[in-house]
$ cat model.pdb   # PDB, C-alpha atoms and all ligand atoms
MODEL        1
ATOM      1  CA  GLN A   1       0.000   0.000   0.000
ATOM      2  CA  PRO A   2       1.386   3.415  -0.890
ATOM      3  CA  GLY A   3       2.195   5.413   2.217
ATOM      4  CA  ALA A   4       2.677   2.359   4.449
ATOM      5  CA  ILE A   5       5.819   2.417   6.586
ATOM      6  CA  GLY A   6       8.873   1.516   4.605
ATOM      7  CA  GLN A   7       6.934   1.549   1.366
ATOM      8  CA  PRO A   8       7.673   4.685  -0.629
ATOM      9  CA  SER A   9       4.851   5.743  -2.908
ATOM     10  CA  GLY A  10       6.810   4.856  -5.952
ATOM     11  CA  ILE A  11       6.289   2.618  -8.914
ATOM     12  CA  ALA A  12       9.287   0.500  -9.725
ATOM     13  CA  SER A  13       9.288  -0.899 -13.222
ATOM     14  CA  PRO A  14      11.835  -1.951 -15.792
ATOM     15  CA  LEU A  15      11.319   1.511 -17.257
ATOM     16  CA  GLY A  16      12.741   3.245 -14.234
ATOM     17  CA  LYS A  17      11.524   4.496 -10.919
ATOM     18  CA  LEU A  18       8.795   7.001 -10.449
ATOM     19  CA  LYS A  19       8.327   8.929  -7.263
ATOM     20  CA  VAL A  20       4.646   9.624  -6.831
ATOM     21  CA  THR A  21       3.577  12.492  -4.619
ATOM     22  CA  HIS A  22       0.078  12.585  -3.091
ATOM     23  CA  PRO A  23      -0.855   9.150  -4.477
ATOM     24  CA  GLU A  24      -4.151   8.953  -2.583
ATOM     25  CA  ARG A  25      -5.409  12.371  -3.613
ATOM     26  CA  VAL A  26      -8.844  12.008  -5.182
ATOM     27  CA  ILE A  27      -8.840  13.594  -8.630
ATOM     28  CA  ASP A  28     -12.434  12.759  -9.561
ATOM     29  CA  GLU A  29     -14.942  12.976  -6.746
ATOM     30  CA  SER A  30     -17.705  11.394  -8.817
ATOM     31  CA  THR A  31     -15.829   8.070  -8.929
ATOM     32  CA  GLY A  32     -13.240   8.401  -6.168
ATOM     33  CA  ILE A  33     -10.424   7.854  -8.680
ATOM     34  CA  THR A  34      -7.099   8.867  -7.156
ATOM     35  CA  LYS A  35      -3.870  10.104  -8.639
ATOM     36  CA  ILE A  36      -2.237   6.698  -8.182
ATOM     37  CA  ASP A  37      -5.225   5.059  -9.908
ATOM     38  CA  LEU A  38      -4.604   7.267 -12.939
ATOM     39  CA  ILE A  39      -0.876   6.574 -12.915
ATOM     40  CA  ARG A  40      -1.604   2.848 -12.772
ATOM     41  CA  TYR A  41      -4.074   3.305 -15.597
ATOM     42  CA  TYR A  42      -1.375   4.887 -17.757
ATOM     43  CA  ALA A  43       1.108   2.154 -16.837
ATOM     44  CA  LEU A  44      -1.469  -0.367 -18.032
ATOM     45  CA  VAL A  45      -2.282   1.257 -21.385
ATOM     46  CA  ALA A  46       1.192   2.625 -22.150
ATOM     47  CA  PRO A  47       2.061   0.060 -24.844
ATOM     48  CA  LEU A  48      -1.235   0.697 -26.630
ATOM     49  CA  MET A  49      -1.149   4.456 -26.212
ATOM     50  CA  LEU A  50       2.455   4.990 -27.286
ATOM     51  CA  GLU A  51       1.532   3.857 -30.794
ATOM     52  CA  HIS A  52      -0.671   6.931 -30.934
ATOM     53  CA  LEU A  53       1.814   9.305 -29.280
ATOM     54  CA  LYS A  54       5.094   8.347 -30.900
ATOM     55  CA  GLY A  55       6.707  11.011 -33.010
ATOM     56  CA  ARG A  56       3.887  13.518 -32.559
ATOM     57  CA  PRO A  57       3.953  16.903 -30.893
ATOM     58  CA  VAL A  58       1.712  16.670 -27.864
ATOM     59  CA  SER A  59      -0.218  19.140 -25.730
ATOM     60  CA  LEU A  60      -0.891  18.262 -22.129
ATOM     61  CA  VAL A  61      -3.948  19.009 -20.023
ATOM     62  CA  ARG A  62      -3.024  19.422 -16.380
ATOM     63  CA  ALA A  63      -5.518  19.395 -13.558
ATOM     64  CA  PRO A  64      -3.593  19.938 -10.301
ATOM     65  CA  ASP A  65      -6.826  20.238  -8.306
ATOM     66  CA  GLY A  66      -8.684  17.404  -9.972
ATOM     67  CA  VAL A  67     -11.189  17.331 -12.802
ATOM     68  CA  LYS A  68     -13.400  19.976 -11.212
ATOM     69  CA  GLY A  69     -10.557  22.349 -10.520
ATOM     70  CA  GLN A  70      -8.802  24.719 -12.862
ATOM     71  CA  ILE A  71      -7.511  23.020 -15.996
ATOM     72  CA  PHE A  72      -4.380  24.035 -17.887
ATOM     73  CA  PHE A  73      -3.957  23.225 -21.568
ATOM     74  CA  GLN A  74      -0.224  23.367 -22.230
ATOM     75  CA  LYS A  75       1.739  23.162 -25.465
ATOM     76  CA  HIS A  76       4.918  23.959 -23.598
ATOM     77  CA  LEU A  77       5.903  22.855 -20.170
ATOM     78  CA  GLU A  78       8.778  22.659 -17.753
ATOM     79  CA  THR A  79       9.866  19.217 -18.916
ATOM     80  CA  ALA A  80      12.962  19.040 -16.738
ATOM     81  CA  LYS A  81      11.101  17.013 -14.136
ATOM     82  CA  MET A  82       9.396  14.750 -16.606
ATOM     83  CA  THR A  83      11.697  11.928 -17.611
ATOM     84  CA  GLY A  84      10.636  10.595 -20.973
ATOM     85  CA  VAL A  85       8.922  13.789 -22.084
ATOM     86  CA  ARG A  86      11.191  15.168 -24.725
ATOM     87  CA  LEU A  87      11.575  18.609 -26.210
ATOM     88  CA  LEU A  88      11.364  18.683 -29.992
ATOM     89  CA  PRO A  89      13.616  20.845 -32.169
ATOM     90  CA  ALA A  90      12.537  24.493 -31.990
ATOM     91  CA  GLU A  91      12.411  24.807 -35.787
ATOM     92  CA  LEU A  92       9.276  22.635 -35.894
ATOM     93  CA  ASP A  93       7.268  25.590 -34.618
ATOM     94  CA  PRO A  94       9.313  28.703 -35.389
ATOM     95  CA  GLY A  95       8.945  31.611 -33.001
ATOM     96  CA  HIS A  96       7.587  29.484 -30.170
ATOM     97  CA  GLU A  97       8.938  27.493 -27.297
ATOM     98  CA  PRO A  98       9.912  23.972 -28.335
ATOM     99  CA  LEU A  99       7.089  21.468 -28.686
ATOM    100  CA  MET A 100       7.012  18.276 -26.651
ATOM    101  CA  GLU A 101       6.788  14.578 -27.382
ATOM    102  CA  VAL A 102       5.869  11.781 -25.004
ATOM    103  CA  ALA A 103       8.193   9.106 -26.298
ATOM    104  CA  SER A 104       8.095   6.416 -23.641
ATOM    105  CA  ALA A 105       5.986   4.845 -20.943
ATOM    106  CA  GLN A 106       8.136   6.653 -18.461
ATOM    107  CA  GLY A 107       7.170   9.952 -20.070
ATOM    108  CA  LEU A 108       3.526   9.066 -19.750
ATOM    109  CA  LEU A 109       3.902   8.228 -16.078
ATOM    110  CA  SER A 110       6.053  11.180 -15.155
ATOM    111  CA  ALA A 111       3.562  13.478 -16.859
ATOM    112  CA  ALA A 112       0.768  11.901 -14.823
ATOM    113  CA  GLN A 113       2.871  12.445 -11.715
ATOM    114  CA  MET A 114       2.899  16.161 -12.721
ATOM    115  CA  ASN A 115      -0.927  16.061 -12.722
ATOM    116  CA  VAL A 116      -1.314  15.698 -16.458
ATOM    117  CA  ILE A 117      -4.603  13.936 -17.185
ATOM    118  CA  GLU A 118      -5.053  14.352 -20.958
ATOM    119  CA  PHE A 119      -2.668  13.955 -23.894
ATOM    120  CA  HIS A 120      -3.569  15.668 -27.189
ATOM    121  CA  THR A 121      -1.626  15.166 -30.405
ATOM    122  CA  TRP A 122      -1.031  16.953 -33.682
ATOM    123  CA  ASN A 123      -2.110  15.538 -37.026
ATOM    124  CA  ALA A 124       1.529  15.395 -38.160
ATOM    125  CA  VAL A 125       4.670  13.635 -37.008
ATOM    126  CA  LYS A 126       7.876  15.487 -36.212
ATOM    127  CA  THR A 127       9.741  14.111 -39.243
ATOM    128  CA  SER A 128       7.142  15.591 -41.586
ATOM    129  CA  ILE A 129       5.756  18.525 -39.688
ATOM    130  CA  GLY A 130       4.558  20.397 -42.782
ATOM    131  CA  LYS A 131       2.482  17.533 -44.167
ATOM    132  CA  PRO A 132      -0.195  15.992 -41.955
ATOM    133  CA  ASP A 133      -0.544  12.220 -41.911
ATOM    134  CA  ARG A 134      -4.188  12.228 -40.897
ATOM    135  CA  MET A 135      -7.401  14.229 -41.165
ATOM    136  CA  THR A 136      -9.683  14.363 -38.130
ATOM    137  CA  PHE A 137     -13.421  14.937 -37.931
ATOM    138  CA  ASP A 138     -14.595  15.752 -34.445
ATOM    139  CA  LEU A 139     -18.330  15.100 -34.204
ATOM    140  CA  ASP A 140     -19.770  17.358 -31.521
ATOM    141  CA  PRO A 141     -23.380  17.125 -30.351
ATOM    142  CA  GLY A 142     -25.197  20.448 -29.997
ATOM    143  CA  LYS A 143     -27.750  21.055 -27.297
ATOM    144  CA  GLY A 144     -30.568  18.520 -27.378
ATOM    145  CA  VAL A 145     -28.806  15.970 -29.567
ATOM    146  CA  GLU A 146     -29.261  12.441 -28.259
ATOM    147  CA  TRP A 147     -26.675   9.679 -28.440
ATOM    148  CA  PRO A 148     -28.336   7.658 -31.267
ATOM    149  CA  ALA A 149     -27.942  10.691 -33.537
ATOM    150  CA  MET A 150     -24.200  10.678 -32.786
ATOM    151  CA  GLN A 151     -23.946   7.012 -33.722
ATOM    152  CA  GLU A 152     -25.795   7.721 -36.936
ATOM    153  CA  ALA A 153     -23.589  10.736 -37.715
ATOM    154  CA  ALA A 154     -20.446   8.638 -37.380
ATOM    155  CA  LEU A 155     -21.881   6.065 -39.800
ATOM    156  CA  VAL A 156     -22.969   8.799 -42.226
ATOM    157  CA  MET A 157     -19.473  10.223 -42.059
ATOM    158  CA  ARG A 158     -18.040   6.810 -42.779
ATOM    159  CA  ALA A 159     -20.349   6.253 -45.732
ATOM    160  CA  PHE A 160     -19.596   9.647 -47.216
ATOM    161  CA  LEU A 161     -15.852   9.179 -46.850
ATOM    162  CA  LYS A 162     -16.230   5.798 -48.528
ATOM    163  CA  GLU A 163     -18.129   7.490 -51.339
ATOM    164  CA  LEU A 164     -15.066   9.701 -51.786
ATOM    165  CA  GLY A 165     -12.818   6.662 -51.747
ATOM    166  CA  LEU A 166     -11.493   7.366 -48.245
ATOM    167  CA  VAL A 167     -11.252   5.064 -45.251
ATOM    168  CA  GLY A 168     -12.063   6.433 -41.823
ATOM    169  CA  PHE A 169     -11.494   5.043 -38.344
ATOM    170  CA  ALA A 170     -13.642   5.832 -35.314
ATOM    171  CA  LYS A 171     -12.847   6.347 -31.682
ATOM    172  CA  THR A 172     -14.795   7.398 -28.658
ATOM    173  CA  SER A 173     -13.668  10.733 -27.264
ATOM    174  CA  GLY A 174     -14.253   9.744 -23.671
ATOM    175  CA  GLY A 175     -16.600  12.734 -23.568
ATOM    176  CA  LYS A 176     -19.782  13.398 -25.533
ATOM    177  CA  GLY A 177     -18.956  13.052 -29.200
ATOM    178  CA  LEU A 178     -17.058  10.750 -31.522
ATOM    179  CA  HIS A 179     -13.903  11.186 -33.583
ATOM    180  CA  VAL A 180     -13.405   9.961 -37.129
ATOM    181  CA  VAL A 181      -9.792   9.813 -38.301
ATOM    182  CA  VAL A 182      -8.633   9.415 -41.907
ATOM    183  CA  PRO A 183      -5.012   8.246 -42.282
ATOM    184  CA  LEU A 184      -3.168  10.124 -45.039
ATOM    185  CA  LYS A 185      -0.038   9.797 -47.048
ATOM    186  CA  ARG A 186       2.088  12.806 -46.284
ATOM    187  CA  ARG A 187       1.503  14.590 -49.586
ATOM    188  CA  HIS A 188      -0.572  17.673 -48.875
ATOM    189  CA  ASP A 189       0.178  20.689 -46.729
ATOM    190  CA  TRP A 190      -1.904  21.817 -43.768
ATOM    191  CA  ASP A 191      -4.010  24.357 -45.608
ATOM    192  CA  THR A 192      -4.944  21.870 -48.309
ATOM    193  CA  VAL A 193      -5.992  19.212 -45.814
ATOM    194  CA  LYS A 194      -7.884  21.698 -43.667
ATOM    195  CA  ASP A 195      -9.651  23.307 -46.617
ATOM    196  CA  PHE A 196     -10.597  19.916 -47.978
ATOM    197  CA  SER A 197     -11.897  18.726 -44.597
ATOM    198  CA  HIS A 198     -13.953  21.927 -44.506
ATOM    199  CA  ALA A 199     -15.341  21.186 -47.972
ATOM    200  CA  ILE A 200     -16.370  17.693 -46.825
ATOM    201  CA  VAL A 201     -18.178  19.086 -43.791
ATOM    202  CA  LEU A 202     -19.847  21.861 -45.816
ATOM    203  CA  HIS A 203     -21.116  19.276 -48.250
ATOM    204  CA  LEU A 204     -22.613  17.153 -45.474
ATOM    205  CA  ALA A 205     -24.139  20.174 -43.747
ATOM    206  CA  GLN A 206     -25.647  21.429 -47.005
ATOM    207  CA  THR A 207     -27.046  18.021 -47.843
ATOM    208  CA  LEU A 208     -28.510  17.359 -44.398
ATOM    209  CA  PRO A 209     -28.886  20.860 -42.917
ATOM    210  CA  LYS A 210     -31.278  19.813 -40.185
ATOM    211  CA  ARG A 211     -28.814  17.357 -38.770
ATOM    212  CA  TYR A 212     -25.337  18.721 -39.355
ATOM    213  CA  ALA A 213     -23.655  22.074 -38.932
ATOM    214  CA  ALA A 214     -20.380  23.200 -40.434
ATOM    215  CA  LYS A 215     -20.114  26.305 -38.261
ATOM    216  CA  SER A 216     -18.993  26.276 -34.669
ATOM    217  CA  GLY A 217     -20.656  28.269 -31.914
ATOM    218  CA  PRO A 218     -23.467  26.938 -29.726
ATOM    219  CA  ARG A 219     -26.174  28.941 -31.555
ATOM    220  CA  ASN A 220     -25.353  27.363 -34.912
ATOM    221  CA  ARG A 221     -25.807  23.893 -33.612
ATOM    222  CA  ILE A 222     -28.864  23.684 -31.375
ATOM    223  CA  GLY A 223     -30.323  20.259 -32.105
ATOM    224  CA  LYS A 224     -27.553  19.578 -34.616
ATOM    225  CA  ILE A 225     -24.210  17.899 -34.723
ATOM    226  CA  PHE A 226     -21.287  20.172 -35.455
ATOM    227  CA  ILE A 227     -18.731  18.325 -37.534
ATOM    228  CA  ASP A 228     -15.615  20.090 -36.389
ATOM    229  CA  TYR A 229     -12.952  20.233 -39.091
ATOM    230  CA  LEU A 230     -10.901  22.804 -37.176
ATOM    231  CA  ARG A 231      -8.850  19.975 -35.654
ATOM    232  CA  ASN A 232      -7.044  19.952 -39.021
ATOM    233  CA  GLY A 233      -5.124  23.210 -38.815
ATOM    234  CA  PHE A 234      -1.409  23.570 -38.141
ATOM    235  CA  GLY A 235      -0.853  23.171 -34.410
ATOM    236  CA  ALA A 236      -4.400  21.971 -33.716
ATOM    237  CA  THR A 237      -4.717  18.889 -31.537
ATOM    238  CA  THR A 238      -7.150  16.116 -30.714
ATOM    239  CA  VAL A 239      -7.173  13.929 -27.660
ATOM    240  CA  ALA A 240      -5.060  10.809 -28.269
ATOM    241  CA  ALA A 241      -6.529   7.320 -28.187
ATOM    242  CA  TRP A 242      -6.257   5.874 -24.658
ATOM    243  CA  SER A 243      -6.000   9.287 -23.043
ATOM    244  CA  ALA A 244      -8.187   9.683 -19.989
ATOM    245  CA  ARG A 245     -10.342  12.808 -19.839
ATOM    246  CA  ALA A 246     -10.256  15.468 -17.171
ATOM    247  CA  ARG A 247     -14.008  15.274 -16.751
ATOM    248  CA  PRO A 248     -16.221  13.666 -14.113
ATOM    249  CA  GLY A 249     -16.263   9.904 -14.702
ATOM    250  CA  MET A 250     -12.868  10.054 -16.401
ATOM    251  CA  GLY A 251     -13.879   8.635 -19.765
ATOM    252  CA  VAL A 252     -11.204   7.246 -22.044
ATOM    253  CA  SER A 253     -10.814   7.740 -25.799
ATOM    254  CA  VAL A 254     -10.909   4.234 -27.309
ATOM    255  CA  PRO A 255     -10.468   3.014 -30.905
ATOM    256  CA  VAL A 256     -13.619   1.196 -32.032
ATOM    257  CA  SER A 257     -14.653  -0.734 -35.105
ATOM    258  CA  TRP A 258     -17.447   0.499 -37.359
ATOM    259  CA  GLU A 259     -19.386  -2.658 -36.576
ATOM    260  CA  GLU A 260     -19.630  -1.788 -32.913
ATOM    261  CA  ILE A 261     -20.770   1.844 -33.305
ATOM    262  CA  ASP A 262     -24.412   0.781 -33.070
ATOM    263  CA  SER A 263     -23.877  -1.020 -29.789
ATOM    264  CA  LEU A 264     -21.934   1.770 -28.062
ATOM    265  CA  LYS A 265     -23.803   3.226 -25.110
ATOM    266  CA  SER A 266     -21.919   6.492 -24.921
ATOM    267  CA  SER A 267     -18.621   8.052 -25.812
ATOM    268  CA  ALA A 268     -17.547   7.522 -22.215
ATOM    269  CA  GLN A 269     -18.537   3.846 -22.282
ATOM    270  CA  TRP A 270     -14.980   3.039 -21.285
ATOM    271  CA  HIS A 271     -13.377   4.968 -18.495
ATOM    272  CA  VAL A 272     -10.488   4.652 -16.082
ATOM    273  CA  GLY A 273     -12.662   2.515 -13.794
ATOM    274  CA  ASN A 274     -13.645  -0.153 -16.339
ATOM    275  CA  ILE A 275     -10.936  -0.072 -18.997
ATOM    276  CA  HIS A 276      -9.869  -3.616 -18.105
ATOM    277  CA  GLU A 277     -13.003  -4.738 -19.954
ATOM    278  CA  ARG A 278     -11.532  -3.373 -23.168
ATOM    279  CA  LEU A 279      -7.838  -4.161 -23.034
ATOM    280  CA  ASP A 280      -8.244  -7.463 -24.873
ATOM    281  CA  GLN A 281      -9.208  -5.497 -27.980
ATOM    282  CA  GLY A 282      -6.396  -2.980 -27.692
ATOM    283  CA  ASN A 283      -5.750  -1.222 -31.011
ATOM    284  CA  GLU A 284      -7.188  -4.173 -32.972
ATOM    285  CA  PRO A 285     -10.160  -2.212 -34.310
ATOM    286  CA  TRP A 286      -7.649   0.022 -36.078
ATOM    287  CA  LYS A 287      -5.382  -2.716 -37.399
ATOM    288  CA  GLU A 288      -5.967  -1.568 -40.993
ATOM    289  CA  TYR A 289      -5.102   2.024 -40.082
ATOM    290  CA  GLY A 290      -1.510   2.032 -41.326
ATOM    291  CA  PRO A 291      -2.140   0.270 -44.649
ATOM    292  CA  SER A 292      -5.129   2.569 -45.264
ATOM    293  CA  ALA A 293      -3.081   5.770 -45.528
ATOM    294  CA  GLN A 294      -3.868   7.427 -48.815
ATOM    295  CA  SER A 295      -3.471  10.565 -50.813
ATOM    296  CA  LEU A 296      -6.455  12.892 -51.190
ATOM    297  CA  GLY A 297      -6.246  13.415 -54.947
ATOM    298  CA  GLY A 298      -9.063  11.065 -55.925
ATOM    299  CA  ALA A 299     -11.355  12.276 -53.154
ATOM    300  CA  MET A 300     -10.764  15.901 -54.156
ATOM    301  CA  LYS A 301     -11.745  15.096 -57.714
ATOM    302  CA  ALA A 302     -14.832  13.217 -56.560
ATOM    303  CA  LEU A 303     -15.976  16.236 -54.546
ATOM    304  CA  GLY A 304     -15.005  18.759 -57.215
ATOM    305  CA  PHE A 305     -12.536  20.379 -54.832
ATOM    306  CA  LYS A 306      -9.717  22.449 -56.283
ATOM    307  CA  PRO A 307      -6.800  22.813 -53.897
TER     308      PRO A 307
HETATM  309  P1  LIG B 401     -16.206  15.669 -26.890
HETATM  310  O1  LIG B 401     -16.486  14.364 -27.506
HETATM  311  O2  LIG B 401     -16.890  15.825 -25.579
HETATM  312  O3  LIG B 401     -16.468  16.794 -27.840
HETATM  313  P2  LIG B 401     -13.508  16.365 -27.448
HETATM  314  O4  LIG B 401     -12.188  15.917 -27.012
HETATM  315  O5  LIG B 401     -13.797  16.138 -28.888
HETATM  316  O6  LIG B 401     -14.624  15.649 -26.564
HETATM  317  P3  LIG B 401     -13.943  19.140 -28.005
HETATM  318  O7  LIG B 401     -14.365  20.227 -27.108
HETATM  319  O8  LIG B 401     -14.791  18.810 -29.152
HETATM  320  O9  LIG B 401     -13.659  17.871 -27.058
HETATM  321  O10 LIG B 401     -12.548  19.435 -28.628
HETATM  322  C1  LIG B 401     -11.630  20.146 -27.950
HETATM  323  C2  LIG B 401     -10.384  19.994 -28.722
HETATM  324  O11 LIG B 401      -9.749  21.225 -28.816
HETATM  325  C3  LIG B 401      -9.477  19.040 -28.018
HETATM  326  O12 LIG B 401      -9.330  17.906 -28.821
HETATM  327  C4  LIG B 401      -8.179  19.787 -27.855
HETATM  328  O13 LIG B 401      -7.094  19.074 -28.411
HETATM  329  C5  LIG B 401      -8.378  21.098 -28.553
HETATM  330  N1  LIG B 401      -7.986  22.263 -27.788
HETATM  331  C6  LIG B 401      -7.295  23.275 -28.296
HETATM  332  N2  LIG B 401      -7.075  24.214 -27.368
HETATM  333  C7  LIG B 401      -7.661  23.798 -26.236
HETATM  334  C8  LIG B 401      -7.803  24.335 -24.912
HETATM  335  N3  LIG B 401      -7.268  25.516 -24.559
HETATM  336  N4  LIG B 401      -8.503  23.612 -24.012
HETATM  337  C9  LIG B 401      -9.042  22.441 -24.343
HETATM  338  N5  LIG B 401      -8.951  21.891 -25.563
HETATM  339  C10 LIG B 401      -8.263  22.557 -26.511
HETATM  340 MN    MN B 402     -15.497  16.810 -29.834
HETATM  341 MN    MN B 403     -14.896  20.134 -31.069
ENDMDL
END

$ encode --input "model.pdb" --output "structure tokens" --more "lines below"
Ligand code: ATP
Ligand code: MN
Ligand code: MN
Amino acid sequence: QPGAIGQPSGIASPLGKLKVTHPERVIDESTGITKIDLIRYYALVAPLMLEHLKGRPVSLVRAPDGVKGQIFFQKHLETAKMTGVRLLPAELDPGHEPLMEVASAQGLLSAAQMNVIEFHTWNAVKTSIGKPDRMTFDLDPGKGVEWPAMQEAALVMRAFLKELGLVGFAKTSGGKGLHVVVPLKRRHDWDTVKDFSHAIVLHLAQTLPKRYAAKSGPRNRIGKIFIDYLRNGFGATTVAAWSARARPGMGVSVPVSWEEIDSLKSSAQWHVGNIHERLDQGNEPWKEYGPSAQSLGGAMKALGFKP
């Protein structure tokens, strides 16, 4: 037991030692989840999650006073104390502090020790920072939208992408909506990918205006689902698969297969407290993700989009 005499509140692992301060501090009152619970959670999912973190600039969401306290979204951080969180070359983001990468399980754990709850990644990897390797659609329910409409929206998104010759992959966000990710060959620049993602969303919103909105802002989306394409700009981030959320219940973002969308009960179906029920699947639902990376040329033609 952490805190027992002679038992330092540390986690010893082949990856190194981690000194955990305030292990028993409750970070989510709604579930009683403690800081050490979250650190153990990250130790458990590290191998799965690192596949989604490796090589990507990451932003960290810190919640020193728990999920109901003040939350800090940080692109830059004092990384000196975080073993395994690495600073990336400054030229990746000229004129700013260096970006960070979580490159190892130890980085994940030492970040959690520094009260980081969420990990958000860019749509590009550091070796190709000017050319995104994925396009993300963030499906956000407006006021009054019920869960079945979210499930349907994800499937509509999938069908439309397929119509364009593109393959999408879904994940829960651990919050309210769903994320659809399209793996790309690194051919197009940020503006092209973002403009094209916007064109896709505009098309959907114009075709089904009662259901989908292409414009953000709560007033534009009462009773509708906002398909957020703004995750596709340079420097924009989306929560990484397997990240826990700094929200009551501590949902987890989990890769899912299209076949199971219909049976999902909510985007926070899996959370820190029940993730063991999902570990057997791991990243399996996305096993075709890598081989599915494609260029957008054909899809642009199909939509009549001129870059
Ligand atoms: P939900 O399914 O509930 O919508 P979500 O993760 O998609 O969960 P959003 O509010 O739709 O949440 O998206 C917020 C996104 O904006 C995050 O993915 C995050 O990476 C990004 N972001 C950019 N700046 C910030 C910030 N200051 N605070 C929080 N998120 C930010
Ligand atoms: Mn969202
Ligand atoms: Mn959003």

$ residues_around --input "model.pdb" --residues "segment 249-261 of chain A" --least-positions-apart "2" --cutoff "6 Å" --atoms "all atoms listed in the file" --output "list in words"
Ala170, Lys171, Thr172, Ser173, Gly174, Ala241, Trp242, Ser243, Ala244, Arg245, Arg247, Ser263, Leu264, Ala268, Trp270, His271, Val272 and Pro285 of chain A

$ axis_aligned_box --input "model.pdb" --around "ligand LIG 401 (chain B)" --padding-each-side "8 Å" --output "AutoDock Vina command-line options"
--center_x -12.0 --center_y 19.9 --center_z -26.6 --size_x 25.8 --size_y 27.2 --size_z 21.1

$ atom_distance --input "model.pdb" --atom1 "atom O4 of ligand LIG 401 (chain B)" --atom2 "atom CA of Asp65 of chain A"
19.9 Å

$ atom_distance --input "model.pdb" --atom1 "atom CA of Lys210 of chain A" --atom2 "atom O6 of ligand LIG 401 (chain B)"
21.9 Å

$ residues_near_ligand --input "model.pdb" --ligand "ligand MN 402 (chain B)" --cutoff "6 Å" --atoms "only C-alpha atoms and all ligand atoms" --output "MDAnalysis selection string"
chainID A and resid 138:140 177

$ atom_distance --input "model.pdb" --atom1 "atom C2 of ligand LIG 401 (chain B)" --atom2 "atom CA of Thr238 of chain A"
5.4 Å

$ residues_around --input "model.pdb" --residues "Pro64 of chain A" --least-positions-apart "2" --cutoff "9 Å" --atoms "only C-alpha atoms" --output "list of chain:residue names"
A:Ile27, A:Arg62, A:Gly66, A:Val67, A:Gly69, A:Gln70, A:Ile71, A:Phe72, A:Met114, A:Asn115, A:Val116

$ residues_around --input "model.pdb" --residues "segment 120-130 of chain A" --least-positions-apart "2" --cutoff "10 Å" --atoms "only C-alpha atoms" --output "PyMOL selection string"
chain A and resi 52-61+73-75+88-89+91-93+99-102+118+132-136+181+183-184+186-191+231-241+243

$ resolve_selection --input "model.pdb" --expression "the PyMOL selection byres (((chain A and resi 104-113) around 9) and not hetatm)" --output "ChimeraX atom specification"
/A:15-21,23,35-36,38-40,42-43,46-47,49-50,53-54,60,62,79,81-86,101-103,114-119

$ write_last_selection --input "model.pdb" --atoms "C-alpha atoms" --output "PDB file, in the coordinates of the input"
ATOM      1  CA  LEU A  15      11.319   1.511 -17.257  1.00  0.00           C
ATOM      2  CA  GLY A  16      12.741   3.245 -14.234  1.00  0.00           C
ATOM      3  CA  LYS A  17      11.524   4.496 -10.919  1.00  0.00           C
ATOM      4  CA  LEU A  18       8.795   7.001 -10.449  1.00  0.00           C
ATOM      5  CA  LYS A  19       8.327   8.929  -7.263  1.00  0.00           C
ATOM      6  CA  VAL A  20       4.646   9.624  -6.831  1.00  0.00           C
ATOM      7  CA  THR A  21       3.577  12.492  -4.619  1.00  0.00           C
ATOM      8  CA  PRO A  23      -0.855   9.150  -4.477  1.00  0.00           C
ATOM      9  CA  LYS A  35      -3.870  10.104  -8.639  1.00  0.00           C
ATOM     10  CA  ILE A  36      -2.237   6.698  -8.182  1.00  0.00           C
ATOM     11  CA  LEU A  38      -4.604   7.267 -12.939  1.00  0.00           C
ATOM     12  CA  ILE A  39      -0.876   6.574 -12.915  1.00  0.00           C
ATOM     13  CA  ARG A  40      -1.604   2.848 -12.772  1.00  0.00           C
ATOM     14  CA  TYR A  42      -1.375   4.887 -17.757  1.00  0.00           C
ATOM     15  CA  ALA A  43       1.108   2.154 -16.837  1.00  0.00           C
ATOM     16  CA  ALA A  46       1.192   2.625 -22.150  1.00  0.00           C
ATOM     17  CA  PRO A  47       2.061   0.060 -24.844  1.00  0.00           C
ATOM     18  CA  MET A  49      -1.149   4.456 -26.212  1.00  0.00           C
ATOM     19  CA  LEU A  50       2.455   4.990 -27.286  1.00  0.00           C
ATOM     20  CA  LEU A  53       1.814   9.305 -29.280  1.00  0.00           C
ATOM     21  CA  LYS A  54       5.094   8.347 -30.900  1.00  0.00           C
ATOM     22  CA  LEU A  60      -0.891  18.262 -22.129  1.00  0.00           C
ATOM     23  CA  ARG A  62      -3.024  19.422 -16.380  1.00  0.00           C
ATOM     24  CA  THR A  79       9.866  19.217 -18.916  1.00  0.00           C
ATOM     25  CA  LYS A  81      11.101  17.013 -14.136  1.00  0.00           C
ATOM     26  CA  MET A  82       9.396  14.750 -16.606  1.00  0.00           C
ATOM     27  CA  THR A  83      11.697  11.928 -17.611  1.00  0.00           C
ATOM     28  CA  GLY A  84      10.636  10.595 -20.973  1.00  0.00           C
ATOM     29  CA  VAL A  85       8.922  13.789 -22.084  1.00  0.00           C
ATOM     30  CA  ARG A  86      11.191  15.168 -24.725  1.00  0.00           C
ATOM     31  CA  GLU A 101       6.788  14.578 -27.382  1.00  0.00           C
ATOM     32  CA  VAL A 102       5.869  11.781 -25.004  1.00  0.00           C
ATOM     33  CA  ALA A 103       8.193   9.106 -26.298  1.00  0.00           C
ATOM     34  CA  MET A 114       2.899  16.161 -12.721  1.00  0.00           C
ATOM     35  CA  ASN A 115      -0.927  16.061 -12.722  1.00  0.00           C
ATOM     36  CA  VAL A 116      -1.314  15.698 -16.458  1.00  0.00           C
ATOM     37  CA  ILE A 117      -4.603  13.936 -17.185  1.00  0.00           C
ATOM     38  CA  GLU A 118      -5.053  14.352 -20.958  1.00  0.00           C
ATOM     39  CA  PHE A 119      -2.668  13.955 -23.894  1.00  0.00           C
TER      40      PHE A 119
END

$ residues_around --input "model.pdb" --residues "Lys185 of chain A" --least-positions-apart "4" --cutoff "7 Å" --atoms "all atoms listed in the file" --output "PyMOL selection string"
chain A and resi 133+293-295
